[in-house]
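The block underneath contains the structure these notes are about, expressed in structure tokens.
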Amino acid sequence: MNLWLVLAINSITLGGLLFLLSAGFSLIFGLMRIPNLMHGSFFMLGAYMGSTFLAKGFGFWPAALASAASMAVLGGLVERFLLRRLAGQELAQVLLTLGLSFIIADACLMVWTGDPIQPSTPPDLRGAIIRSGLVFPIYRLAIVGVAIAMAIALWLLIDKTRIGAMIRAGVDDAPIARVVGIKVSQLFTLVFCLGAALAAFAGVVGSPYLSIYPGLDAEMLPLALIVVILGGAGSLPGALLGSFIIGFLYNFGQAMFPDLAYVILFVPMVLVLVLRPQGLFGRVAL
Amino acid sequence: MAADALRLDGVHAYYGDSHVLHGVGLVCGEGRLLGLLGRNGAGKSTCMSTVVGLLQPKRGAVTLFGKTIGGLAPERISAHGVALVPQGRRIFRSLTVRENLVVAAQKVRAGSLRPWTMARVFETFPRLGERRAQYAGSLSGGEQQMLAIGRALMGNPRLLLMDEPSEGLAPQIVAEVGRTIVNLKNEGLSIVLVEQNIKLALEIADDIAILNSGSVAYQGAAATLTMDHPAITQNLGVH
């Protein structure tokens with residue numbers, strides 16, 4: 001089978017997953033200026049929770065939604081009771097979220113052990129479509145479909161609703177948003193919950209393909225970080241474009257220059273930081 | 001006795017470690033237009049920030065129609081009926097004109113005769129209506145100022161604070177902004193107008209307060225003031 005096609009399909013799949021992961025990361029960073037280093041943990045813990053829901057007999061999509069809901073609650077608690085106390089102190093927030101990510105990683109090791117878990121693909125999405133000798137695994141395509149559906153839903157929420165406009169107003173100018181009566185702190189909680197839920201959802205959706213193992217969090221977080229820096233903090237189109245760029249760079253980089261995989265990923269990030277610190281679509285510099 | 005729309009008593013405020021307001025006391029009567037003058041750095045904008053809650057007064061009282069609002073969060077103060085047209089306009093640039101107004105809409109207070117709606121803002125500023133779908137960042141300076149005023153009015157305020165609305169605008173636009181302010185006052189809105197444009201302030205304000213180095217050096221009726229009055233030359237003249 002054509003190697004290039006496999007790489008391209010893998011790239012698009014990873015791009016879709018990265019978008020689900022980094023959309024929330026981007027909104028949280030753009031609105032709240034919080035570099036949430038536990039975002040990879042939401043992804044991994046969400047994936048583990050999903051595997052447990054699956055083991056308890058949930059269907060695949062109900063398990064993904066249940067995991068997303070649990071992670072929304074956890075995210076809300078972290079924001080309300082911990083991050084809220086550190087408002088405006090970015091270094092303290094970085095350290096707090098980093099610390100929590102270590103705690104979650106250790107807790108996951110305790111609960112789910114160190115053995116990789118690979119949930120099975122939902123039954124009706126197994127197999128592949130074969131067209132003129134080319135093989136398209138159905139589940140990979142489904143991931144892309146889900147990511148696109150989610151991108152449209154998020155775009156409608158952020159771009160077409162009053163709440164969305166309020167969130168964007170908060171990204172533009174948070175103090176003035178408060179002065180015109182927007183309850184920015186409630187929006188913060190909402191966005192944080194949403195971001196955590198999306199990351200968990202991505203974790204469950206990605207798990208049959210990536211499998212779940214200790215260290216998955218630390219693998220996903222830098223990717224989300226690069227996506228958001230490339231695309232621009234707070235920008236959904238930026239996160240979408242950045243996700244697919246990184247999806248392609250990651251897969252093609254590993255296949256063609258395996259020794260330089262991280263160089264290929266991080267050089268664009270460094271260039272963007274130096275030449276265009278607000279990212280491709282962003283408005284605020286990091 | 002009608003309560004004053006806004007009253008500051010002995011207000012002290014700090015930006016970080018720097019003591020900016022030293023016991024400011026001033027009054028804006030209900031339905032009146034108070035012009036707040038002072039040199040750069042005299043503390044005018046700090047006063048505005050303190051009233052809207054972006055800055056907490058360290059000491060002293062801020063009262064709105066007899067009710068203490070000093071120390072409340074900005075969104076609470078907004079719900080009490082204070083709106084700000086900020087210095088530099090600070091419209092939400094990446095939102096459309098329409099969205100800028102939508103996000104600032106508040107419940108109409110009981111007893112409000114002609115509440116502000118988007119339709120009414122567009123009626124007052126037809127240019128904004130024509131550009132409702134445009135991003136606010138793409139508007140001209142004058143249009144952005146109209147939008148900043150419209151956004152403040154969408155909160156249906158009882159007290160409107162305007163921080164240098166004439167800054168950086170062409171003379172005919174300044175005149176238009178001036179006419180708008182007078183119309184708002186004639187509808188009974190209480191207004192505090194911070195201005196560098198002394199002439200404009202003296203023309204349209206009922207009362208004038210002059211800040212110098214963080215405290216009020218003069219407060220009195222605008223009618224008694226002229227450009228060569230000692231209160232003006234001493235506190236606002238260029239040294």
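Numbering starts fresh at 1 for the residues of each chain in the structure tokens, the chains themselves are lettered A, B, ... in the order given, and ligands are numbered from 1 as they appear.
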
Which residues of chain A are close to chain B, meaning at most 12 Å apart when you count only C-alpha atoms, and how do they look as a PyMOL selection string? chain A and resi 158-186+234-235+281-284

Using the selection just defined, write its residues with N, CA and C atoms as an mmCIF file, in the first residue's frame.
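As a result, again30.cif now contains:
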```
data_model
loop_
_atom_site.group_PDB
_atom_site.id
_atom_site.type_symbol
_atom_site.label_atom_id
_atom_site.label_comp_id
_atom_site.auth_asym_id
_atom_site.auth_seq_id
_atom_site.Cartn_x
_atom_site.Cartn_y
_atom_site.Cartn_z
ATOM 1 N N ILE A 158 -18.718 29.964 19.526
ATOM 2 C CA ILE A 158 -17.849 31.111 19.781
ATOM 3 C C ILE A 158 -18.200 32.287 18.871
ATOM 4 N N ASP A 159 -18.595 31.984 17.630
ATOM 5 C CA ASP A 159 -18.779 33.069 16.669
ATOM 6 C C ASP A 159 -20.211 33.546 16.534
ATOM 7 N N LYS A 160 -21.173 32.719 16.899
ATOM 8 C CA LYS A 160 -22.556 33.064 16.585
ATOM 9 C C LYS A 160 -23.445 33.280 17.789
ATOM 10 N N THR A 161 -22.952 33.034 19.008
ATOM 11 C CA THR A 161 -23.828 33.211 20.164
ATOM 12 C C THR A 161 -23.356 34.407 20.988
ATOM 13 N N ARG A 162 -24.266 34.868 21.868
ATOM 14 C CA ARG A 162 -23.914 36.005 22.724
ATOM 15 C C ARG A 162 -22.805 35.600 23.703
ATOM 16 N N ILE A 163 -22.932 34.381 24.258
ATOM 17 C CA ILE A 163 -21.883 33.888 25.176
ATOM 18 C C ILE A 163 -20.531 33.880 24.461
ATOM 19 N N GLY A 164 -20.544 33.409 23.211
ATOM 20 C CA GLY A 164 -19.306 33.358 22.445
ATOM 21 C C GLY A 164 -18.721 34.748 22.248
ATOM 22 N N ALA A 165 -19.597 35.706 21.926
ATOM 23 C CA ALA A 165 -19.128 37.081 21.740
ATOM 24 C C ALA A 165 -18.550 37.616 23.050
ATOM 25 N N MET A 166 -19.183 37.226 24.170
ATOM 26 C CA MET A 166 -18.674 37.679 25.472
ATOM 27 C C MET A 166 -17.291 37.081 25.729
ATOM 28 N N ILE A 167 -17.120 35.809 25.355
ATOM 29 C CA ILE A 167 -15.807 35.180 25.538
ATOM 30 C C ILE A 167 -14.769 35.926 24.702
ATOM 31 N N ARG A 168 -15.121 36.226 23.446
ATOM 32 C CA ARG A 168 -14.158 36.945 22.596
ATOM 33 C C ARG A 168 -13.887 38.343 23.126
ATOM 34 N N ALA A 169 -14.931 38.985 23.679
ATOM 35 C CA ALA A 169 -14.721 40.307 24.277
ATOM 36 C C ALA A 169 -13.729 40.187 25.429
ATOM 37 N N GLY A 170 -13.856 39.119 26.209
ATOM 38 C CA GLY A 170 -12.935 38.900 27.317
ATOM 39 C C GLY A 170 -11.512 38.663 26.845
ATOM 40 N N VAL A 171 -11.367 37.979 25.697
ATOM 41 C CA VAL A 171 -10.025 37.775 25.133
ATOM 42 C C VAL A 171 -9.461 39.115 24.671
ATOM 43 N N ASP A 172 -10.303 39.934 24.042
ATOM 44 C CA ASP A 172 -9.863 41.233 23.524
ATOM 45 C C ASP A 172 -9.394 42.158 24.642
ATOM 46 N N ASP A 173 -10.203 42.307 25.661
ATOM 47 C CA ASP A 173 -9.922 43.304 26.693
ATOM 48 C C ASP A 173 -10.709 42.931 27.951
ATOM 49 N N ALA A 174 -10.109 42.092 28.796
ATOM 50 C CA ALA A 174 -10.840 41.561 29.951
ATOM 51 C C ALA A 174 -11.297 42.651 30.928
ATOM 52 N N PRO A 175 -10.446 43.632 31.286
ATOM 53 C CA PRO A 175 -10.924 44.630 32.248
ATOM 54 C C PRO A 175 -12.135 45.399 31.729
ATOM 55 N N ILE A 176 -12.096 45.816 30.463
ATOM 56 C CA ILE A 176 -13.230 46.575 29.932
ATOM 57 C C ILE A 176 -14.455 45.669 29.794
ATOM 58 N N ALA A 177 -14.240 44.393 29.487
ATOM 59 C CA ALA A 177 -15.372 43.467 29.432
ATOM 60 C C ALA A 177 -16.084 43.438 30.784
ATOM 61 N N ARG A 178 -15.320 43.432 31.867
ATOM 62 C CA ARG A 178 -15.946 43.453 33.195
ATOM 63 C C ARG A 178 -16.686 44.762 33.418
ATOM 64 N N VAL A 179 -16.086 45.863 32.952
ATOM 65 C CA VAL A 179 -16.706 47.173 33.171
ATOM 66 C C VAL A 179 -18.050 47.268 32.432
ATOM 67 N N VAL A 180 -18.185 46.612 31.266
ATOM 68 C CA VAL A 180 -19.483 46.660 30.589
ATOM 69 C C VAL A 180 -20.439 45.588 31.129
ATOM 70 N N GLY A 181 -20.026 44.902 32.187
ATOM 71 C CA GLY A 181 -20.968 44.039 32.883
ATOM 72 C C GLY A 181 -20.845 42.561 32.563
ATOM 73 N N ILE A 182 -19.838 42.172 31.770
ATOM 74 C CA ILE A 182 -19.664 40.759 31.440
ATOM 75 C C ILE A 182 -19.012 40.057 32.626
ATOM 76 N N LYS A 183 -19.629 38.967 33.079
ATOM 77 C CA LYS A 183 -19.073 38.258 34.233
ATOM 78 C C LYS A 183 -17.931 37.364 33.752
ATOM 79 N N VAL A 184 -16.792 37.999 33.571
ATOM 80 C CA VAL A 184 -15.653 37.305 32.962
ATOM 81 C C VAL A 184 -15.236 36.093 33.790
ATOM 82 N N SER A 185 -15.365 36.172 35.112
ATOM 83 C CA SER A 185 -14.885 35.056 35.935
ATOM 84 C C SER A 185 -15.749 33.817 35.713
ATOM 85 N N GLN A 186 -17.057 34.009 35.482
ATOM 86 C CA GLN A 186 -17.904 32.840 35.183
ATOM 87 C C GLN A 186 -17.557 32.255 33.823
ATOM 88 N N GLY A 234 -6.106 31.706 21.521
ATOM 89 C CA GLY A 234 -7.468 32.220 21.513
ATOM 90 C C GLY A 234 -8.160 32.139 20.170
ATOM 91 N N SER A 235 -7.452 31.643 19.142
ATOM 92 C CA SER A 235 -8.043 31.605 17.813
ATOM 93 C C SER A 235 -8.393 30.171 17.415
ATOM 94 N N PHE A 281 -2.884 33.322 13.377
ATOM 95 C CA PHE A 281 -4.200 33.950 13.425
ATOM 96 C C PHE A 281 -4.438 34.737 14.699
ATOM 97 N N GLY A 282 -3.481 34.751 15.600
ATOM 98 C CA GLY A 282 -3.741 35.318 16.916
ATOM 99 C C GLY A 282 -3.706 36.829 16.912
ATOM 100 N N ARG A 283 -4.245 37.405 17.950
ATOM 101 C CA ARG A 283 -4.235 38.854 18.086
ATOM 102 C C ARG A 283 -3.307 39.287 19.208
ATOM 103 N N VAL A 284 -3.125 38.407 20.197
ATOM 104 C CA VAL A 284 -2.301 38.802 21.333
ATOM 105 C C VAL A 284 -0.994 38.026 21.320
#
```

Please identify the strand (DSSP E or B) residues within range 56-234 of chain B (assignment by DSSP from backbone atoms) and present them as a compact mmCIF listing (two decimals) with all heavy atoms, in the first residue's frame.
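That gives us states_1.txt:
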```txt
# COMPACT_ATOMS: atom_id res chain seq x y z
N ARG B 59 -8.77 54.08 50.73
CA ARG B 59 -9.55 54.74 51.78
C ARG B 59 -10.58 55.62 51.08
O ARG B 59 -10.44 55.93 49.91
CB ARG B 59 -8.65 55.61 52.66
CG ARG B 59 -8.08 54.88 53.87
CD ARG B 59 -7.31 55.86 54.74
NE ARG B 59 -6.03 56.25 54.13
CZ ARG B 59 -5.44 57.43 54.30
NH1 ARG B 59 -6.02 58.36 55.04
NH2 ARG B 59 -4.29 57.68 53.72
N GLY B 60 -11.60 56.02 51.83
CA GLY B 60 -12.58 56.93 51.28
C GLY B 60 -13.80 56.21 50.74
O GLY B 60 -13.81 54.98 50.64
N ALA B 61 -14.85 56.98 50.40
CA ALA B 61 -16.12 56.39 49.99
C ALA B 61 -16.49 56.81 48.58
O ALA B 61 -16.28 57.95 48.18
CB ALA B 61 -17.22 56.82 50.96
N VAL B 62 -17.01 55.85 47.81
CA VAL B 62 -17.60 56.15 46.50
C VAL B 62 -19.06 55.78 46.60
O VAL B 62 -19.40 54.62 46.89
CB VAL B 62 -16.93 55.31 45.38
CG1 VAL B 62 -17.52 55.68 44.04
CG2 VAL B 62 -15.43 55.49 45.39
N THR B 63 -19.95 56.74 46.41
CA THR B 63 -21.37 56.43 46.50
C THR B 63 -22.09 56.81 45.22
O THR B 63 -21.80 57.83 44.59
CB THR B 63 -22.05 57.15 47.69
OG1 THR B 63 -21.66 58.52 47.66
CG2 THR B 63 -21.66 56.54 49.01
N LEU B 64 -23.03 55.95 44.83
CA LEU B 64 -23.82 56.13 43.62
C LEU B 64 -25.27 56.27 44.07
O LEU B 64 -25.82 55.34 44.66
CB LEU B 64 -23.66 54.91 42.72
CG LEU B 64 -24.45 54.90 41.42
CD1 LEU B 64 -23.81 55.81 40.40
CD2 LEU B 64 -24.55 53.48 40.88
N LYS B 67 -25.78 55.12 47.46
CA LYS B 67 -25.44 53.72 47.76
C LYS B 67 -23.93 53.53 47.59
O LYS B 67 -23.36 53.95 46.59
CB LYS B 67 -26.18 52.83 46.77
CG LYS B 67 -26.40 51.44 47.25
CD LYS B 67 -27.44 50.76 46.36
CE LYS B 67 -27.63 49.33 46.76
NZ LYS B 67 -28.68 48.69 45.99
N THR B 68 -23.30 52.90 48.58
CA THR B 68 -21.85 52.72 48.51
C THR B 68 -21.50 51.68 47.45
O THR B 68 -22.01 50.56 47.46
CB THR B 68 -21.31 52.23 49.87
OG1 THR B 68 -21.64 53.22 50.84
CG2 THR B 68 -19.80 52.06 49.81
N VAL B 82 -23.55 52.01 36.32
CA VAL B 82 -22.45 52.88 35.93
C VAL B 82 -21.89 52.36 34.60
O VAL B 82 -21.65 51.17 34.45
CB VAL B 82 -21.33 52.89 36.99
CG1 VAL B 82 -20.15 53.74 36.52
CG2 VAL B 82 -21.86 53.39 38.32
N ALA B 83 -21.73 53.25 33.63
CA ALA B 83 -21.11 52.84 32.37
C ALA B 83 -19.95 53.77 32.07
O ALA B 83 -19.94 54.93 32.48
CB ALA B 83 -22.12 52.88 31.23
N LEU B 84 -18.96 53.23 31.36
CA LEU B 84 -17.74 53.99 31.08
C LEU B 84 -17.48 54.00 29.58
O LEU B 84 -17.57 52.98 28.91
CB LEU B 84 -16.56 53.33 31.81
CG LEU B 84 -15.15 53.86 31.48
CD1 LEU B 84 -14.96 55.26 32.03
CD2 LEU B 84 -14.08 52.92 32.05
N VAL B 85 -17.16 55.20 29.07
CA VAL B 85 -16.59 55.30 27.73
C VAL B 85 -15.10 55.49 27.98
O VAL B 85 -14.66 56.56 28.38
CB VAL B 85 -17.17 56.52 26.97
CG1 VAL B 85 -16.53 56.64 25.60
CG2 VAL B 85 -18.68 56.40 26.86
N THR B 96 -17.78 42.30 15.92
CA THR B 96 -18.44 43.21 15.01
C THR B 96 -19.08 44.34 15.81
O THR B 96 -19.19 44.27 17.04
CB THR B 96 -19.55 42.50 14.21
OG1 THR B 96 -20.53 42.04 15.14
CG2 THR B 96 -19.01 41.32 13.42
N TYR B 135 -16.14 44.49 11.45
CA TYR B 135 -15.36 44.36 12.68
C TYR B 135 -15.05 45.74 13.22
O TYR B 135 -14.69 46.65 12.48
CB TYR B 135 -14.08 43.56 12.44
CG TYR B 135 -14.37 42.10 12.30
CD1 TYR B 135 -14.33 41.47 11.06
CD2 TYR B 135 -14.74 41.34 13.41
CE1 TYR B 135 -14.64 40.13 10.93
CE2 TYR B 135 -15.05 40.00 13.29
CZ TYR B 135 -15.00 39.41 12.05
OH TYR B 135 -15.32 38.09 11.93
N LEU B 159 -25.46 56.55 35.46
CA LEU B 159 -24.32 57.46 35.49
C LEU B 159 -23.39 57.06 34.35
O LEU B 159 -23.00 55.90 34.24
CB LEU B 159 -23.57 57.34 36.82
CG LEU B 159 -22.25 58.12 36.91
CD1 LEU B 159 -22.51 59.62 36.95
CD2 LEU B 159 -21.43 57.68 38.11
N LEU B 160 -23.07 58.04 33.51
CA LEU B 160 -22.18 57.76 32.38
C LEU B 160 -20.85 58.48 32.61
O LEU B 160 -20.83 59.69 32.84
CB LEU B 160 -22.83 58.25 31.08
CG LEU B 160 -22.02 58.06 29.80
CD1 LEU B 160 -21.79 56.59 29.51
CD2 LEU B 160 -22.72 58.72 28.62
N LEU B 161 -19.77 57.71 32.58
CA LEU B 161 -18.44 58.31 32.71
C LEU B 161 -17.80 58.32 31.33
O LEU B 161 -17.80 57.31 30.63
CB LEU B 161 -17.57 57.46 33.66
CG LEU B 161 -18.19 57.10 35.01
CD1 LEU B 161 -17.29 56.12 35.75
CD2 LEU B 161 -18.39 58.36 35.84
N MET B 162 -17.26 59.47 30.94
CA MET B 162 -16.63 59.56 29.62
C MET B 162 -15.22 60.07 29.80
O MET B 162 -15.00 61.17 30.29
CB MET B 162 -17.42 60.49 28.71
CG MET B 162 -18.90 60.13 28.65
SD MET B 162 -19.81 61.22 27.53
CE MET B 162 -19.67 60.30 26.03
N ASP B 163 -14.26 59.23 29.40
CA ASP B 163 -12.85 59.58 29.61
C ASP B 163 -12.25 60.05 28.29
O ASP B 163 -11.91 59.24 27.44
CB ASP B 163 -12.11 58.37 30.19
CG ASP B 163 -10.79 58.78 30.85
OD1 ASP B 163 -10.36 59.93 30.63
OD2 ASP B 163 -10.20 57.94 31.55
N SER B 190 -27.03 61.47 34.16
CA SER B 190 -25.93 62.12 34.90
C SER B 190 -24.62 61.70 34.26
O SER B 190 -24.40 60.52 34.00
CB SER B 190 -25.95 61.68 36.36
OG SER B 190 -27.25 61.75 36.88
N ILE B 191 -23.75 62.69 34.01
CA ILE B 191 -22.54 62.41 33.23
C ILE B 191 -21.32 63.03 33.90
O ILE B 191 -21.36 64.17 34.37
CB ILE B 191 -22.68 63.00 31.80
CG1 ILE B 191 -23.90 62.39 31.09
CG2 ILE B 191 -21.41 62.75 30.98
CD1 ILE B 191 -24.22 63.03 29.75
N VAL B 192 -20.23 62.28 33.93
CA VAL B 192 -18.94 62.85 34.28
C VAL B 192 -18.08 62.80 33.03
O VAL B 192 -17.88 61.74 32.45
CB VAL B 192 -18.25 62.07 35.42
CG1 VAL B 192 -16.89 62.69 35.72
CG2 VAL B 192 -19.12 62.06 36.67
N LEU B 193 -17.62 63.98 32.62
CA LEU B 193 -16.84 64.08 31.39
C LEU B 193 -15.41 64.49 31.73
O LEU B 193 -15.17 65.60 32.20
CB LEU B 193 -17.49 65.13 30.47
CG LEU B 193 -16.71 65.54 29.22
CD1 LEU B 193 -16.63 64.39 28.24
CD2 LEU B 193 -17.36 66.76 28.58
N VAL B 194 -14.48 63.58 31.49
CA VAL B 194 -13.07 63.90 31.66
C VAL B 194 -12.57 64.49 30.35
O VAL B 194 -12.80 63.89 29.30
CB VAL B 194 -12.26 62.64 32.02
CG1 VAL B 194 -10.77 62.92 31.96
CG2 VAL B 194 -12.67 62.12 33.39
N ASP B 207 -21.09 71.76 35.77
CA ASP B 207 -20.14 71.97 36.86
C ASP B 207 -18.77 71.54 36.39
O ASP B 207 -18.64 70.71 35.48
CB ASP B 207 -20.53 71.14 38.09
CG ASP B 207 -21.95 71.41 38.53
OD1 ASP B 207 -22.22 72.55 38.96
OD2 ASP B 207 -22.79 70.49 38.42
N ILE B 208 -17.76 72.10 37.04
CA ILE B 208 -16.38 71.74 36.71
C ILE B 208 -15.65 71.36 37.98
O ILE B 208 -15.81 72.01 39.02
CB ILE B 208 -15.64 72.95 36.06
CG1 ILE B 208 -16.26 73.32 34.71
CG2 ILE B 208 -14.15 72.66 35.90
CD1 ILE B 208 -15.97 72.36 33.58
N ALA B 209 -14.90 70.27 37.91
CA ALA B 209 -13.97 69.95 38.99
C ALA B 209 -12.59 69.88 38.37
O ALA B 209 -12.44 69.36 37.27
CB ALA B 209 -14.34 68.64 39.66
N ILE B 210 -11.60 70.42 39.05
CA ILE B 210 -10.24 70.40 38.52
C ILE B 210 -9.35 69.61 39.47
O ILE B 210 -9.30 69.88 40.67
CB ILE B 210 -9.69 71.83 38.34
CG1 ILE B 210 -10.60 72.61 37.39
CG2 ILE B 210 -8.27 71.79 37.79
CD1 ILE B 210 -10.18 74.05 37.18
N LEU B 211 -8.70 68.60 38.90
CA LEU B 211 -7.77 67.79 39.69
C LEU B 211 -6.36 68.31 39.48
O LEU B 211 -5.98 68.68 38.37
CB LEU B 211 -7.80 66.34 39.21
CG LEU B 211 -8.88 65.39 39.74
CD1 LEU B 211 -8.74 64.05 39.05
CD2 LEU B 211 -8.76 65.23 41.24
N ASN B 212 -5.61 68.37 40.58
CA ASN B 212 -4.19 68.70 40.47
C ASN B 212 -3.43 67.78 41.40
O ASN B 212 -3.74 67.70 42.59
CB ASN B 212 -3.97 70.17 40.83
CG ASN B 212 -2.62 70.65 40.32
OD1 ASN B 212 -1.77 69.84 39.96
ND2 ASN B 212 -2.43 71.96 40.30
N SER B 215 -5.55 65.53 43.87
CA SER B 215 -6.65 65.98 44.71
C SER B 215 -7.39 67.11 44.00
O SER B 215 -6.88 67.69 43.05
CB SER B 215 -6.18 66.40 46.10
OG SER B 215 -5.19 67.39 45.98
N VAL B 216 -8.61 67.37 44.47
CA VAL B 216 -9.45 68.34 43.76
C VAL B 216 -9.04 69.75 44.16
O VAL B 216 -9.07 70.12 45.33
CB VAL B 216 -10.94 68.10 44.08
CG1 VAL B 216 -11.79 69.21 43.48
CG2 VAL B 216 -11.37 66.76 43.52
N ALA B 217 -8.61 70.54 43.16
CA ALA B 217 -8.15 71.89 43.44
C ALA B 217 -9.30 72.89 43.34
O ALA B 217 -9.23 73.98 43.89
CB ALA B 217 -7.04 72.26 42.45
N TYR B 218 -10.34 72.52 42.61
CA TYR B 218 -11.43 73.46 42.39
C TYR B 218 -12.68 72.68 42.04
O TYR B 218 -12.63 71.73 41.28
CB TYR B 218 -11.09 74.41 41.23
CG TYR B 218 -12.21 75.36 40.85
CD1 TYR B 218 -12.33 76.59 41.45
CD2 TYR B 218 -13.15 74.97 39.89
CE1 TYR B 218 -13.38 77.45 41.11
CE2 TYR B 218 -14.19 75.82 39.55
CZ TYR B 218 -14.30 77.05 40.16
OH TYR B 218 -15.33 77.89 39.82
N GLN B 219 -13.83 73.05 42.62
CA GLN B 219 -15.09 72.55 42.08
C GLN B 219 -16.10 73.67 42.14
O GLN B 219 -16.25 74.34 43.16
CB GLN B 219 -15.62 71.31 42.83
CG GLN B 219 -17.02 70.90 42.35
CD GLN B 219 -17.35 69.41 42.47
OE1 GLN B 219 -16.70 68.68 43.20
NE2 GLN B 219 -18.36 68.96 41.73
N GLY B 220 -16.80 73.90 41.05
CA GLY B 220 -17.78 74.98 41.02
C GLY B 220 -18.57 74.94 39.74
O GLY B 220 -18.37 74.06 38.89
N ALA B 221 -19.48 75.88 39.58
CA ALA B 221 -20.32 75.92 38.38
C ALA B 221 -19.46 76.30 37.18
O ALA B 221 -18.55 77.11 37.27
CB ALA B 221 -21.44 76.93 38.57
```

I want to know what sits within 7 Å of range 23-30 of chain B, based on only C-alpha atoms, with residues of the same chain fewer than 5 positions away left out; could you give that as an NGL selection string? :B and (4-12 or 190 or 192 or 214-216)

Taking into account only C-alpha atoms, which residue in the set A:Leu249, A:Leu77, A:Met150, A:Val272 is nearest to Gly24 in chain A?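 Ranking A:Leu249, A:Leu77, A:Met150, A:Val272 by distance to Gly24 in chain A, first place goes to A:Met150.
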
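Contact shell of Met32 in chain A at 9 Å (only C-alpha atoms; same-chain neighbours under 2 positions omitted): Leu27, Ile28, Phe29, Gly30, Ile34, Pro35, Ala87, Gly88, Gly170, Val171, Ala174, Phe188, Val191 and Phe192 of chain A.
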
Generate the output file for the selected residues, N, CA and C atoms, as a CSV table (one decimal), in the first residue's frame.
```
chain,number,residue,atom,x,y,z
A,27,LEU,N,-8.3,28.4,23.9
A,27,LEU,CA,-9.3,29.3,24.5
A,27,LEU,C,-8.9,29.7,25.9
A,28,ILE,N,-8.4,28.6,26.6
A,28,ILE,CA,-8.0,28.9,28.0
A,28,ILE,C,-6.9,29.9,28.0
A,29,PHE,N,-5.9,29.7,27.1
A,29,PHE,CA,-4.7,30.6,27.1
A,29,PHE,C,-5.1,32.0,26.6
A,30,GLY,N,-6.0,32.0,25.6
A,30,GLY,CA,-6.3,33.3,25.0
A,30,GLY,C,-7.2,34.1,26.0
A,34,ILE,N,-3.9,31.6,31.0
A,34,ILE,CA,-3.3,30.6,31.9
A,34,ILE,C,-2.7,29.5,31.0
A,35,PRO,N,-1.3,29.4,31.1
A,35,PRO,CA,-0.7,28.3,30.3
A,35,PRO,C,-1.0,27.0,31.1
A,87,ALA,N,-5.0,34.2,40.4
A,87,ALA,CA,-5.2,35.1,39.2
A,87,ALA,C,-4.1,36.1,39.0
A,88,GLY,N,-3.7,36.2,37.7
A,88,GLY,CA,-2.7,37.2,37.4
A,88,GLY,C,-1.2,36.7,37.7
A,170,GLY,N,-13.9,39.1,26.2
A,170,GLY,CA,-12.9,38.9,27.3
A,170,GLY,C,-11.5,38.7,26.8
A,171,VAL,N,-11.4,38.0,25.7
A,171,VAL,CA,-10.0,37.8,25.1
A,171,VAL,C,-9.5,39.1,24.7
A,174,ALA,N,-10.1,42.1,28.8
A,174,ALA,CA,-10.8,41.6,30.0
A,174,ALA,C,-11.3,42.7,30.9
A,188,PHE,N,-14.6,32.3,32.5
A,188,PHE,CA,-13.4,31.6,32.8
A,188,PHE,C,-13.7,30.1,33.2
A,191,VAL,N,-15.2,28.2,30.2
A,191,VAL,CA,-14.2,27.9,29.2
A,191,VAL,C,-13.2,26.8,29.7
A,192,PHE,N,-12.9,26.9,31.0
A,192,PHE,CA,-12.0,25.9,31.5
A,192,PHE,C,-12.6,24.5,31.5
```

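The nearest approach to Leu154 in chain A among the residues A:Tyr139, A:Phe252, A:Phe19, A:Trp61, with only C-alpha atoms taken into account, belongs to A:Phe19.
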
For CA of Ala69 in chain A and CA of Ala197 in chain A, the interatomic separation in Å (one decimal):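 CA of Ala197 in chain A lies at a distance of 6.1 Å from CA of Ala69 in chain A.
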
Which neighbours of Leu3 in chain A fall inside 12 Å, counting only C-alpha atoms, when residues of the same chain fewer than 5 positions from it are skipped, and could you give them as a list in words?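 Contacts, with the query itself left out: Ala8, Ile9, Asn10, Leu134, Val135, Asn251, Phe252, Ala255 and Met256 of chain A.
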
Residue contacts of Ile181 in chain B (9 Å, only C-alpha atoms) excluding same-chain residues fewer than 2 positions away, as a count of residues only: 12
